[in-house]
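The data block below is data-v2.pdb; it holds PDB, C-alpha atoms.
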```pdb
ATOM      1  CA  MET D   1       8.670 -14.560  17.825
ATOM      2  CA  ALA D   2      10.889 -17.333  19.061
ATOM      3  CA  THR D   3      11.183 -19.115  15.745
ATOM      4  CA  VAL D   4      14.470 -19.351  13.926
ATOM      5  CA  VAL D   5      14.755 -16.609  11.356
ATOM      6  CA  ASP D   6      14.661 -18.066   7.898
ATOM      7  CA  LEU D   7      17.100 -15.953   6.001
ATOM      8  CA  ASP D   8      15.776 -17.177   2.680
ATOM      9  CA  ALA D   9      12.207 -16.297   3.497
ATOM     10  CA  LEU D  10      12.028 -12.958   1.736
ATOM     11  CA  PRO D  11       9.985 -13.302  -1.416
ATOM     12  CA  ALA D  12      11.379 -12.499  -4.818
ATOM     13  CA  ILE D  13      11.830  -8.783  -4.980
ATOM     14  CA  PRO D  14      10.530  -6.740  -7.909
ATOM     15  CA  ARG D  15      13.758  -4.818  -8.080
ATOM     16  CA  ASP D  16      13.496  -3.866 -11.744
ATOM     17  CA  ALA D  17      10.234  -1.984 -11.645
ATOM     18  CA  GLU D  18       8.073  -0.149  -9.242
ATOM     19  CA  GLY D  19       5.668  -3.055  -9.413
ATOM     20  CA  PRO D  20       1.894  -3.029  -9.577
ATOM     21  CA  VAL D  21       0.212  -0.896  -6.982
ATOM     22  CA  PHE D  22      -2.870  -3.102  -6.911
ATOM     23  CA  ARG D  23      -2.980  -6.635  -8.210
ATOM     24  CA  GLU D  24      -6.735  -6.806  -8.624
ATOM     25  CA  PRO D  25      -9.395  -4.115  -8.890
ATOM     26  CA  TRP D  26     -11.016  -5.035  -5.571
ATOM     27  CA  GLU D  27      -7.756  -4.217  -3.781
ATOM     28  CA  ALA D  28      -7.863  -0.708  -5.201
ATOM     29  CA  GLN D  29     -11.532  -0.343  -4.230
ATOM     30  CA  ALA D  30     -10.931  -1.534  -0.668
ATOM     31  CA  PHE D  31      -8.042   0.902  -0.397
ATOM     32  CA  ALA D  32     -10.024   3.834  -1.756
ATOM     33  CA  LEU D  33     -13.047   3.103   0.457
ATOM     34  CA  THR D  34     -10.800   3.193   3.505
ATOM     35  CA  VAL D  35      -9.234   6.510   2.578
ATOM     36  CA  LYS D  36     -12.648   8.023   1.833
ATOM     37  CA  LEU D  37     -14.215   6.816   5.083
ATOM     38  CA  HIS D  38     -11.274   8.246   6.972
ATOM     39  CA  GLU D  39     -11.738  11.544   5.157
ATOM     40  CA  ALA D  40     -15.387  11.422   6.181
ATOM     41  CA  CYS D  41     -14.111  11.224   9.791
ATOM     42  CA  LEU D  42     -15.641   7.806  10.462
ATOM     43  CA  PHE D  43     -12.369   6.702  12.065
ATOM     44  CA  THR D  44      -8.936   8.122  12.765
ATOM     45  CA  TRP D  45      -5.898   6.875  10.926
ATOM     46  CA  SER D  46      -4.499   5.505  14.178
ATOM     47  CA  GLU D  47      -7.661   3.466  14.652
ATOM     48  CA  TRP D  48      -7.217   2.210  11.130
ATOM     49  CA  ALA D  49      -3.567   1.252  11.637
ATOM     50  CA  ALA D  50      -4.504  -0.566  14.853
ATOM     51  CA  ALA D  51      -7.301  -2.470  13.095
ATOM     52  CA  LEU D  52      -5.005  -3.446  10.234
ATOM     53  CA  SER D  53      -2.135  -4.608  12.414
ATOM     54  CA  GLN D  54      -4.583  -6.627  14.533
ATOM     55  CA  GLU D  55      -5.916  -8.299  11.433
ATOM     56  CA  ILE D  56      -2.395  -9.076  10.197
ATOM     57  CA  ALA D  57      -1.447 -10.531  13.581
ATOM     58  CA  ARG D  58      -4.609 -12.630  13.567
ATOM     59  CA  ALA D  59      -3.889 -13.973  10.082
ATOM     60  CA  GLN D  60      -0.317 -14.819  11.043
ATOM     61  CA  ALA D  61      -1.543 -16.618  14.149
ATOM     62  CA  GLU D  62      -3.852 -18.623  11.880
ATOM     63  CA  GLY D  63      -0.934 -19.707   9.723
ATOM     64  CA  ASP D  64      -0.789 -17.095   6.955
ATOM     65  CA  PRO D  65       2.893 -16.826   5.952
ATOM     66  CA  ASP D  66       2.033 -13.160   5.320
ATOM     67  CA  LEU D  67       4.343 -12.621   2.379
ATOM     68  CA  GLY D  68       2.571  -9.516   1.214
ATOM     69  CA  ALA D  69       0.311 -11.156  -1.356
ATOM     70  CA  THR D  70      -2.502 -11.494   1.181
ATOM     71  CA  TYR D  71      -2.083  -7.929   2.400
ATOM     72  CA  TYR D  72      -5.287  -6.528   0.922
ATOM     73  CA  ARG D  73      -7.251  -9.496   2.269
ATOM     74  CA  HIS D  74      -6.162  -8.369   5.710
ATOM     75  CA  TRP D  75      -6.934  -4.820   4.710
ATOM     76  CA  LEU D  76     -10.482  -5.760   3.679
ATOM     77  CA  ALA D  77     -11.085  -7.805   6.834
ATOM     78  CA  ALA D  78      -9.853  -4.875   8.941
ATOM     79  CA  LEU D  79     -12.136  -2.485   7.088
ATOM     80  CA  GLU D  80     -15.178  -4.739   7.556
ATOM     81  CA  ARG D  81     -14.368  -5.126  11.209
ATOM     82  CA  LEU D  82     -13.903  -1.390  11.729
ATOM     83  CA  VAL D  83     -17.060  -0.268   9.913
ATOM     84  CA  THR D  84     -19.174  -2.818  11.736
ATOM     85  CA  ALA D  85     -17.606  -1.943  15.107
ATOM     86  CA  LYS D  86     -18.331   1.730  14.340
ATOM     87  CA  ARG D  87     -21.887   0.782  13.313
ATOM     88  CA  VAL D  88     -21.469   2.377   9.919
ATOM     89  CA  VAL D  89     -22.971  -0.784   8.434
ATOM     90  CA  ASP D  90     -23.992  -3.978  10.146
ATOM     91  CA  ALA D  91     -22.467  -7.354   9.551
ATOM     92  CA  ALA D  92     -25.767  -8.986   8.595
ATOM     93  CA  ALA D  93     -26.423  -6.345   5.960
ATOM     94  CA  LEU D  94     -22.976  -6.963   4.509
ATOM     95  CA  GLY D  95     -23.612 -10.687   4.285
ATOM     96  CA  GLN D  96     -27.035 -10.199   2.684
ATOM     97  CA  ARG D  97     -25.660  -7.731   0.205
ATOM     98  CA  LYS D  98     -22.909 -10.117  -0.794
ATOM     99  CA  GLN D  99     -25.518 -12.835  -1.479
ATOM    100  CA  ALA D 100     -27.530 -10.332  -3.505
ATOM    101  CA  TRP D 101     -24.482  -9.634  -5.667
ATOM    102  CA  ILE D 102     -23.882 -13.354  -6.203
ATOM    103  CA  GLN D 103     -27.494 -13.755  -7.363
ATOM    104  CA  ALA D 104     -27.132 -10.727  -9.599
ATOM    105  CA  TYR D 105     -24.083 -12.236 -11.303
ATOM    106  CA  GLU D 106     -25.782 -15.600 -11.718
ATOM    107  CA  ARG D 107     -28.857 -13.972 -13.195
ATOM    108  CA  THR D 108     -27.107 -11.627 -15.597
ATOM    109  CA  PRO D 109     -26.219 -12.918 -19.059
ATOM    110  CA  HIS D 110     -22.546 -12.727 -19.806
ATOM    111  CA  GLY D 111     -21.465  -9.370 -21.192
ATOM    112  CA  GLN D 112     -24.323  -7.368 -19.727
ATOM    113  CA  PRO D 113     -23.943  -4.953 -16.819
ATOM    114  CA  VAL D 114     -24.566  -6.670 -13.510
ATOM    115  CA  GLN D 115     -27.129  -4.895 -11.361
ATOM    116  CA  LEU D 116     -28.716  -5.649  -8.062
ATOM    117  CA  ALA D 117     -32.393  -6.561  -8.298
ATOM    118  CA  ILE D 118     -34.714  -4.189  -6.482
ATOM    119  CA  ASP D 119     -36.094  -6.898  -4.205
ATOM    120  CA  ALA D 120     -32.701  -8.322  -3.297
ATOM    121  CA  HIS D 121     -31.569  -4.779  -2.773
ATOM    122  CA  ARG D 122     -34.325  -3.940  -0.316
ATOM    123  CA  ARG D 123     -34.152  -7.099   1.713
TER     124      ARG D 123
ATOM    125  CA  MET K   1       5.751  -7.985 -13.659
ATOM    126  CA  GLY K   2       4.782 -11.601 -13.657
ATOM    127  CA  GLU K   3       1.849 -11.223 -11.325
ATOM    128  CA  GLY K   4      -1.365 -12.168 -13.024
ATOM    129  CA  HIS K   5      -4.915 -11.928 -11.896
ATOM    130  CA  HIS K   6      -6.147 -15.151 -10.434
ATOM    131  CA  HIS K   7      -9.703 -16.078  -9.936
ATOM    132  CA  HIS K   8      -9.446 -19.703  -9.019
ATOM    133  CA  GLY K   9      -9.485 -20.932  -5.475
ATOM    134  CA  SER K  10     -11.981 -18.426  -4.216
ATOM    135  CA  GLN K  11     -15.210 -19.307  -5.941
ATOM    136  CA  ALA K  12     -18.162 -17.745  -4.284
ATOM    137  CA  HIS K  13     -20.345 -20.763  -4.877
ATOM    138  CA  GLY K  14     -19.717 -24.446  -5.209
ATOM    139  CA  GLU K  15     -21.748 -25.681  -8.145
ATOM    140  CA  ASP K  16     -20.263 -25.714 -11.571
ATOM    141  CA  HIS K  17     -22.866 -23.841 -13.557
ATOM    142  CA  ASP K  18     -22.877 -23.619 -17.272
ATOM    143  CA  HIS K  19     -21.293 -20.375 -18.377
ATOM    144  CA  HIS K  20     -24.167 -18.398 -19.815
ATOM    145  CA  HIS K  21     -24.319 -16.054 -16.847
ATOM    146  CA  SER K  22     -21.627 -13.600 -15.796
ATOM    147  CA  ASP K  23     -18.690 -15.025 -13.864
ATOM    148  CA  VAL K  24     -19.197 -14.568 -10.165
ATOM    149  CA  PRO K  25     -16.259 -12.587  -8.765
ATOM    150  CA  SER K  26     -13.954 -13.860  -6.043
ATOM    151  CA  ASP K  27     -15.025 -13.700  -2.412
ATOM    152  CA  PRO K  28     -13.057 -10.544  -1.540
ATOM    153  CA  ALA K  29     -14.297  -8.819  -4.698
ATOM    154  CA  LEU K  30     -17.894  -9.606  -3.692
ATOM    155  CA  ARG K  31     -17.327  -8.367  -0.159
ATOM    156  CA  VAL K  32     -15.912  -5.110  -1.465
ATOM    157  CA  LYS K  33     -18.889  -4.718  -3.798
ATOM    158  CA  ALA K  34     -21.236  -5.367  -0.899
ATOM    159  CA  LEU K  35     -19.518  -2.816   1.296
ATOM    160  CA  GLU K  36     -19.157  -0.226  -1.431
ATOM    161  CA  SER K  37     -22.766  -0.461  -2.588
ATOM    162  CA  LEU K  38     -24.032  -0.067   0.990
ATOM    163  CA  LEU K  39     -21.749   2.907   1.652
ATOM    164  CA  VAL K  40     -22.756   4.583  -1.600
ATOM    165  CA  GLU K  41     -26.440   4.163  -0.698
ATOM    166  CA  LYS K  42     -25.804   5.744   2.669
ATOM    167  CA  GLY K  43     -24.185   8.667   0.899
ATOM    168  CA  LEU K  44     -20.859   8.089   2.680
ATOM    169  CA  VAL K  45     -18.811   7.635  -0.453
ATOM    170  CA  ASP K  46     -19.157   8.856  -3.988
ATOM    171  CA  PRO K  47     -18.200   6.289  -6.657
ATOM    172  CA  ALA K  48     -16.585   8.926  -8.888
ATOM    173  CA  SER K  49     -14.329  10.091  -6.079
ATOM    174  CA  LEU K  50     -13.258   6.480  -5.483
ATOM    175  CA  ASP K  51     -12.251   6.141  -9.125
ATOM    176  CA  TYR K  52     -10.374   9.412  -8.981
ATOM    177  CA  LEU K  53      -8.472   8.333  -5.885
ATOM    178  CA  ILE K  54      -7.549   4.973  -7.387
ATOM    179  CA  ASP K  55      -6.276   6.639 -10.541
ATOM    180  CA  LEU K  56      -4.233   9.000  -8.425
ATOM    181  CA  TYR K  57      -2.451   6.166  -6.645
ATOM    182  CA  GLU K  58      -2.096   3.997  -9.722
ATOM    183  CA  THR K  59      -0.672   6.599 -12.013
ATOM    184  CA  ARG K  60       0.294   9.829 -10.324
ATOM    185  CA  ILE K  61       1.454   9.289  -6.760
ATOM    186  CA  GLY K  62       4.595   7.241  -6.650
ATOM    187  CA  PRO K  63       8.332   7.235  -6.008
ATOM    188  CA  ARG K  64       8.894   9.888  -8.711
ATOM    189  CA  ASN K  65       7.541  12.388  -6.179
ATOM    190  CA  GLY K  66      10.134  11.371  -3.624
ATOM    191  CA  ALA K  67      12.854  11.388  -6.264
ATOM    192  CA  ARG K  68      12.089  15.032  -7.017
ATOM    193  CA  VAL K  69      12.291  15.848  -3.322
ATOM    194  CA  VAL K  70      15.673  14.130  -3.071
ATOM    195  CA  ALA K  71      17.040  15.813  -6.191
ATOM    196  CA  ARG K  72      15.972  19.202  -4.841
ATOM    197  CA  ALA K  73      17.695  18.474  -1.531
ATOM    198  CA  TRP K  74      20.875  17.450  -3.358
ATOM    199  CA  THR K  75      21.007  20.696  -5.290
ATOM    200  CA  ASP K  76      19.601  23.211  -2.818
ATOM    201  CA  PRO K  77      21.258  23.219   0.630
ATOM    202  CA  ALA K  78      18.613  25.504   2.119
ATOM    203  CA  TYR K  79      15.867  23.144   0.955
ATOM    204  CA  LYS K  80      17.789  20.193   2.343
ATOM    205  CA  ALA K  81      18.024  21.911   5.731
ATOM    206  CA  ARG K  82      14.256  22.502   5.735
ATOM    207  CA  LEU K  83      13.634  18.918   4.610
ATOM    208  CA  LEU K  84      15.661  17.437   7.446
ATOM    209  CA  ALA K  85      14.174  19.828   9.996
ATOM    210  CA  LYS K  86      10.513  19.537   9.001
ATOM    211  CA  GLY K  87      10.074  16.867   6.357
ATOM    212  CA  GLY K  88       6.329  17.135   5.893
ATOM    213  CA  LEU K  89       6.419  20.884   5.356
ATOM    214  CA  ALA K  90       9.347  20.800   2.940
ATOM    215  CA  ILE K  91       7.666  18.019   0.947
ATOM    216  CA  LYS K  92       4.503  20.088   0.799
ATOM    217  CA  GLU K  93       6.540  22.910  -0.776
ATOM    218  CA  LEU K  94       6.851  20.687  -3.851
ATOM    219  CA  GLY K  95       3.116  20.044  -3.813
ATOM    220  CA  TYR K  96       3.033  16.607  -2.188
ATOM    221  CA  GLU K  97       0.801  16.232   0.814
ATOM    222  CA  GLY K  98      -0.451  13.401   2.961
ATOM    223  CA  ARG K  99      -4.117  12.650   3.376
ATOM    224  CA  GLN K 100      -3.911  11.047   6.782
ATOM    225  CA  GLY K 101      -2.457  13.944   8.708
ATOM    226  CA  GLU K 102       0.727  11.966   9.172
ATOM    227  CA  ASP K 103       4.095  13.604   9.494
ATOM    228  CA  ILE K 104       6.989  12.602   7.280
ATOM    229  CA  VAL K 105      10.423  12.577   8.832
ATOM    230  CA  VAL K 106      13.353  12.520   6.432
ATOM    231  CA  VAL K 107      16.547  10.827   7.624
ATOM    232  CA  GLU K 108      19.826  11.434   5.854
ATOM    233  CA  ASN K 109      22.315   8.807   4.750
ATOM    234  CA  THR K 110      25.947   9.872   5.108
ATOM    235  CA  PRO K 111      29.253   8.022   4.805
ATOM    236  CA  ALA K 112      28.923   7.302   8.534
ATOM    237  CA  VAL K 113      25.196   6.521   8.891
ATOM    238  CA  HIS K 114      22.833   4.391   6.840
ATOM    239  CA  ASN K 115      19.092   4.490   7.505
ATOM    240  CA  LEU K 116      16.549   1.756   6.855
ATOM    241  CA  VAL K 117      12.772   2.157   7.071
ATOM    242  CA  VAL K 118      10.261  -0.506   8.078
ATOM    243  CA  CYS K 119       6.816  -0.739   9.604
ATOM    244  CA  THR K 120       6.931  -3.704  11.930
ATOM    245  CA  LEU K 121       3.217  -3.756  12.756
ATOM    246  CA  CYS K 122       1.569  -3.249   9.423
ATOM    247  CA  SER K 123       2.880  -1.238   6.516
ATOM    248  CA  CYS K 124       2.829   2.472   7.288
ATOM    249  CA  TYR K 125       4.652   4.165   4.453
ATOM    250  CA  PRO K 126       5.158   7.740   3.228
ATOM    251  CA  TRP K 127       2.450   7.625   0.540
ATOM    252  CA  PRO K 128       2.761  11.227  -0.688
ATOM    253  CA  VAL K 129       6.386  10.722  -1.716
ATOM    254  CA  LEU K 130       6.639   6.994  -2.425
ATOM    255  CA  GLY K 131       3.110   5.968  -3.382
ATOM    256  CA  LEU K 132       1.880   2.651  -1.994
ATOM    257  CA  PRO K 133       4.417   0.162  -0.658
ATOM    258  CA  PRO K 134       5.795  -2.757  -2.670
ATOM    259  CA  VAL K 135       4.733  -6.280  -1.757
ATOM    260  CA  TRP K 136       7.953  -7.167   0.045
ATOM    261  CA  TYR K 137       7.652  -4.122   2.324
ATOM    262  CA  LYS K 138       4.325  -5.515   3.509
ATOM    263  CA  SER K 139       5.675  -9.035   4.001
ATOM    264  CA  ALA K 140       6.257 -10.527   7.443
ATOM    265  CA  PRO K 141       9.869 -11.540   6.653
ATOM    266  CA  TYR K 142      10.853  -7.986   5.804
ATOM    267  CA  ARG K 143       8.941  -6.503   8.738
ATOM    268  CA  SER K 144      10.653  -8.787  11.221
ATOM    269  CA  ARG K 145      14.069  -9.175   9.636
ATOM    270  CA  ALA K 146      14.610  -5.449   9.121
ATOM    271  CA  VAL K 147      14.804  -5.284  12.902
ATOM    272  CA  ILE K 148      16.474  -8.612  13.729
ATOM    273  CA  ASP K 149      19.009  -8.731  10.900
ATOM    274  CA  PRO K 150      19.066  -5.409   9.047
ATOM    275  CA  ARG K 151      22.536  -5.928   7.604
ATOM    276  CA  GLY K 152      21.442  -9.280   6.219
ATOM    277  CA  VAL K 153      18.389  -7.648   4.636
ATOM    278  CA  LEU K 154      20.582  -4.993   3.042
ATOM    279  CA  ARG K 155      22.949  -7.638   1.716
ATOM    280  CA  GLU K 156      20.005  -9.399   0.113
ATOM    281  CA  PHE K 157      19.094  -6.173  -1.628
ATOM    282  CA  GLY K 158      22.692  -5.898  -2.818
ATOM    283  CA  VAL K 159      23.879  -3.294  -0.341
ATOM    284  CA  GLU K 160      27.036  -4.215   1.544
ATOM    285  CA  LEU K 161      27.657  -1.817   4.421
ATOM    286  CA  GLY K 162      31.123  -1.350   5.863
ATOM    287  CA  GLY K 163      31.446  -2.342   9.511
ATOM    288  CA  GLU K 164      32.206   1.242  10.437
ATOM    289  CA  VAL K 165      28.856   2.475   9.113
ATOM    290  CA  GLU K 166      26.197   2.893  11.765
ATOM    291  CA  LEU K 167      22.869   1.355  10.722
ATOM    292  CA  ARG K 168      19.688   2.973  12.020
ATOM    293  CA  VAL K 169      16.340   1.269  11.596
ATOM    294  CA  TRP K 170      13.220   3.450  11.715
ATOM    295  CA  ASP K 171       9.896   1.885  12.580
ATOM    296  CA  SER K 172       7.036   3.794  10.975
ATOM    297  CA  THR K 173       3.715   4.409  12.666
ATOM    298  CA  SER K 174       0.385   5.847  11.644
ATOM    299  CA  GLU K 175       1.574   9.265  12.839
ATOM    300  CA  VAL K 176       5.180   9.301  11.668
ATOM    301  CA  ARG K 177       6.396   7.904   8.374
ATOM    302  CA  TYR K 178      10.039   7.929   7.404
ATOM    303  CA  MET K 179      11.785   8.544   4.132
ATOM    304  CA  VAL K 180      15.502   8.164   3.540
ATOM    305  CA  LEU K 181      17.517  10.890   1.851
ATOM    306  CA  PRO K 182      20.109   8.765   0.039
ATOM    307  CA  GLN K 183      23.658   9.947  -0.548
ATOM    308  CA  ARG K 184      24.248  11.778  -3.771
ATOM    309  CA  PRO K 185      26.305   9.466  -5.980
ATOM    310  CA  PRO K 186      29.798  10.580  -6.961
ATOM    311  CA  GLY K 187      30.284  11.849 -10.493
ATOM    312  CA  THR K 188      27.008  13.771 -10.569
ATOM    313  CA  GLU K 189      28.385  17.255 -10.012
ATOM    314  CA  GLY K 190      27.324  18.545 -13.427
ATOM    315  CA  LEU K 191      23.800  17.092 -13.399
ATOM    316  CA  GLY K 192      20.619  19.115 -13.052
ATOM    317  CA  GLU K 193      17.657  18.264 -10.859
ATOM    318  CA  GLU K 194      15.814  16.280 -13.524
ATOM    319  CA  SER K 195      18.739  14.004 -14.329
ATOM    320  CA  LEU K 196      19.497  13.599 -10.641
ATOM    321  CA  ALA K 197      15.906  12.567  -9.941
ATOM    322  CA  ASP K 198      16.336   9.741 -12.448
ATOM    323  CA  LEU K 199      19.053   8.275 -10.223
ATOM    324  CA  VAL K 200      16.810   8.124  -7.165
ATOM    325  CA  THR K 201      15.126   4.749  -6.828
ATOM    326  CA  ARG K 202      12.244   3.829  -4.593
ATOM    327  CA  ASP K 203      14.484   1.366  -2.767
ATOM    328  CA  SER K 204      17.055   4.068  -2.050
ATOM    329  CA  MET K 205      14.359   6.108  -0.282
ATOM    330  CA  ILE K 206      13.364   3.112   1.859
ATOM    331  CA  GLY K 207      17.023   2.504   2.595
ATOM    332  CA  VAL K 208      17.319  -0.951   1.026
ATOM    333  CA  GLY K 209      19.179   0.490  -1.952
ATOM    334  CA  LEU K 210      21.513   3.274  -2.971
ATOM    335  CA  ALA K 211      20.968   5.970  -5.540
ATOM    336  CA  LEU K 212      22.106   4.825  -8.972
ATOM    337  CA  ALA K 213      25.431   5.794 -10.464
ATOM    338  CA  PRO K 214      25.095   8.143 -13.415
ATOM    339  CA  LYS K 215      25.262   6.562 -16.855
ATOM    340  CA  VAL K 216      28.609   7.196 -18.435
ATOM    341  CA  THR K 217      28.020   8.908 -21.728
ATOM    342  CA  ALA K 218      30.539   8.133 -24.393
TER     343      ALA K 218
END
```
Take the structure from the file and write it as structure tokens.
Amino acid sequence: MATVVDLDALPAIPRDAEGPVFREPWEAQAFALTVKLHEACLFTWSEWAAALSQEIARAQAEGDPDLGATYYRHWLAALERLVTAKRVVDAAALGQRKQAWIQAYERTPHGQPVQLAIDAHRR
Amino acid sequence: MGEGHHHHGSQAHGEDHDHHHSDVPSDPALRVKALESLLVEKGLVDPASLDYLIDLYETRIGPRNGARVVARAWTDPAYKARLLAKGGLAIKELGYEGRQGEDIVVVENTPAVHNLVVCTLCSCYPWPVLGLPPVWYKSAPYRSRAVIDPRGVLREFGVELGGEVELRVWDSTSEVRYMVLPQRPPGTEGLGEESLADLVTRDSMIGVGLALAPKVTA
């Protein structure tokens, strides 16, 4: 990068504690899915690292200051990209399933377990 | 930690419904649910094993593992020799093992050499000994500055290196992860492994910090 290095750009550092491993549950789930799919031999760890660094580079190119807080967003995007490229799941199915979950949340009264409807599920 | 959980800014749908139904999760949370539910249906992942893995990384795999490795190396010269020769194997002796088949190389700080670890491309990190990396390790400023201006980075972390000290920066990859063996602080001659491990911080094993000085007991 040809830009001037901003010496004040490092974010505040959680020096006093080891800090939270995951900030939100979905980050932990995305992490665990990746490790499990690797253990199931669906991709090598080098393929994973390449996918993740590509995704980070893409986000930076699109203006993400990339201060670490968006890390698991890049992680998730890399995982989606890798599993669709490997034809483990297809992109359309992912999109449909996401819509099905939105409908499930909107349909479920607050406080009750949210479940996918059979029809949405099958579609 | 002051980091809260935020849900605003990533609503999955635009309309402002009344709140009788369950709150729709954020976009990334929905995408993870979509992916996970499809993978579970295909039999590729088992939800219980995901929970187990998450618990492992949240509560049991962290820098305390690395601290025990360092304390052992400080007190057992033969172990230290094995650790510096074949890091991954020596770490495994204490029961810590990587899941990605990566090797861990341990680099030793001495009065003449200081080591600093970074992953410039993403955030490769020695999980078995340090757990998952802190936010700043994953940040672009750290990843780039550790290479461009490592002494400046160290200064920011409160480590002032003498000009005579050689600074080596190690760029981790998916195959090789680095861990720093910090210098044993002076005044710790009488301490056992457990008390020594308490002096070993995560930052000292990344190379952005030093091991702590022992507390002076009155």
inquiry  = Here's a test: counting all atoms listed in the file, identify every protein, DNA and RNA residue with an atom at most 7 Å from (19.7, 20.2, -10.4) in the file's coordinate frame, and state them as a VMD selection string.
reply    = chain K and resid 71 to 72 75 191 to 194 196
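Any residue of chain D with an atom within 6 Å of chain K counts; using only C-alpha atoms, that gives Leu10, Trp26, Ala32, Ser46, Ser53, Asp66, Leu67, Gly68, Leu94, Arg97, Lys98, Tyr105, Glu106, Thr108, Pro109 and His110 of chain D.
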Using the selection just defined, write its residues with C-alpha atoms as an mmCIF file, keeping the file's coordinate frame.
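Wrote it out as result09.cif, contents follow:
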```
data_model
loop_
_atom_site.group_PDB
_atom_site.id
_atom_site.type_symbol
_atom_site.label_atom_id
_atom_site.label_comp_id
_atom_site.auth_asym_id
_atom_site.auth_seq_id
_atom_site.Cartn_x
_atom_site.Cartn_y
_atom_site.Cartn_z
ATOM 1 C CA LEU D 10 12.028 -12.958 1.736
ATOM 2 C CA TRP D 26 -11.016 -5.035 -5.571
ATOM 3 C CA ALA D 32 -10.024 3.834 -1.756
ATOM 4 C CA SER D 46 -4.499 5.505 14.178
ATOM 5 C CA SER D 53 -2.135 -4.608 12.414
ATOM 6 C CA ASP D 66 2.033 -13.160 5.320
ATOM 7 C CA LEU D 67 4.343 -12.621 2.379
ATOM 8 C CA GLY D 68 2.571 -9.516 1.214
ATOM 9 C CA LEU D 94 -22.976 -6.963 4.509
ATOM 10 C CA ARG D 97 -25.660 -7.731 0.205
ATOM 11 C CA LYS D 98 -22.909 -10.117 -0.794
ATOM 12 C CA TYR D 105 -24.083 -12.236 -11.303
ATOM 13 C CA GLU D 106 -25.782 -15.600 -11.718
ATOM 14 C CA THR D 108 -27.107 -11.627 -15.597
ATOM 15 C CA PRO D 109 -26.219 -12.918 -19.059
ATOM 16 C CA HIS D 110 -22.546 -12.727 -19.806
#
```
Using the chain letters and numbers from this file, what does the PyMOL selection byres ((chain K and resi 93-98) around 8) select? Give the answer as a PDB file with C-alpha atoms, in the coordinates of the input.
```pdb
ATOM      1  CA  ASN K  65       7.541  12.388  -6.179  1.00  0.00           C
ATOM      2  CA  VAL K  69      12.291  15.848  -3.322  1.00  0.00           C
ATOM      3  CA  GLY K  88       6.329  17.135   5.893  1.00  0.00           C
ATOM      4  CA  LEU K  89       6.419  20.884   5.356  1.00  0.00           C
ATOM      5  CA  ALA K  90       9.347  20.800   2.940  1.00  0.00           C
ATOM      6  CA  ILE K  91       7.666  18.019   0.947  1.00  0.00           C
ATOM      7  CA  LYS K  92       4.503  20.088   0.799  1.00  0.00           C
ATOM      8  CA  ARG K  99      -4.117  12.650   3.376  1.00  0.00           C
ATOM      9  CA  GLN K 100      -3.911  11.047   6.782  1.00  0.00           C
ATOM     10  CA  GLY K 101      -2.457  13.944   8.708  1.00  0.00           C
ATOM     11  CA  GLU K 102       0.727  11.966   9.172  1.00  0.00           C
ATOM     12  CA  ASP K 103       4.095  13.604   9.494  1.00  0.00           C
ATOM     13  CA  PRO K 126       5.158   7.740   3.228  1.00  0.00           C
ATOM     14  CA  TRP K 127       2.450   7.625   0.540  1.00  0.00           C
ATOM     15  CA  PRO K 128       2.761  11.227  -0.688  1.00  0.00           C
ATOM     16  CA  VAL K 129       6.386  10.722  -1.716  1.00  0.00           C
TER      17      VAL K 129
END
```
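Going from CA of Val165 in chain K over to CA of Tyr178 in chain K, you cover 19.7 Å.
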message = As an exercise, work out the distance from CA of Thr110 in chain K to CA of Arg155 in chain K in Å and give it to one decimal place.
response =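 Result for CA of Thr110 in chain K versus CA of Arg155 in chain K: 18.1 Å, one decimal.
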Pairwise distance for CA of Val88 in chain D and CA of Ala50 in chain D, rounded to one decimal in Å =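 So the two atoms, CA of Val88 in chain D and CA of Ala50 in chain D, lie 17.9 Å apart.
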4 Å per side around range 187-195 of chain K: axis-aligned box centre and edge lengths, as AutoDock Vina command-line options:
```
--center_x 23.0 --center_y 15.5 --center_z -12.2 --size_x 22.5 --size_y 15.3 --size_z 12.3
```
request  = Given the file shown, determine the residues that the PyMOL selection byres ((chain K and resi 111) around 12) selects; report them as JSON, numbers by chain.
outcome  = {"K": [108, 109, 110, 112, 113, 114, 115, 161, 162, 163, 164, 165, 166, 167, 182, 183, 184, 185, 210]}
message = Which residues, named as in the file, does the PyMOL selection byres ((chain D and resi 84) around 12) pick out? Answer as a list in words.
response =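 This file, filtered by the PyMOL selection byres ((chain D and resi 84) around 12), leaves Leu42, Phe43, Ala51, Ala77, Ala78, Leu79, Glu80, Arg81, Leu82, Val83, Ala85, Lys86, Arg87, Val88, Val89, Asp90, Ala91, Ala92, Ala93, Leu94 and Gly95 of chain D; Leu35 and Leu39 of chain K.
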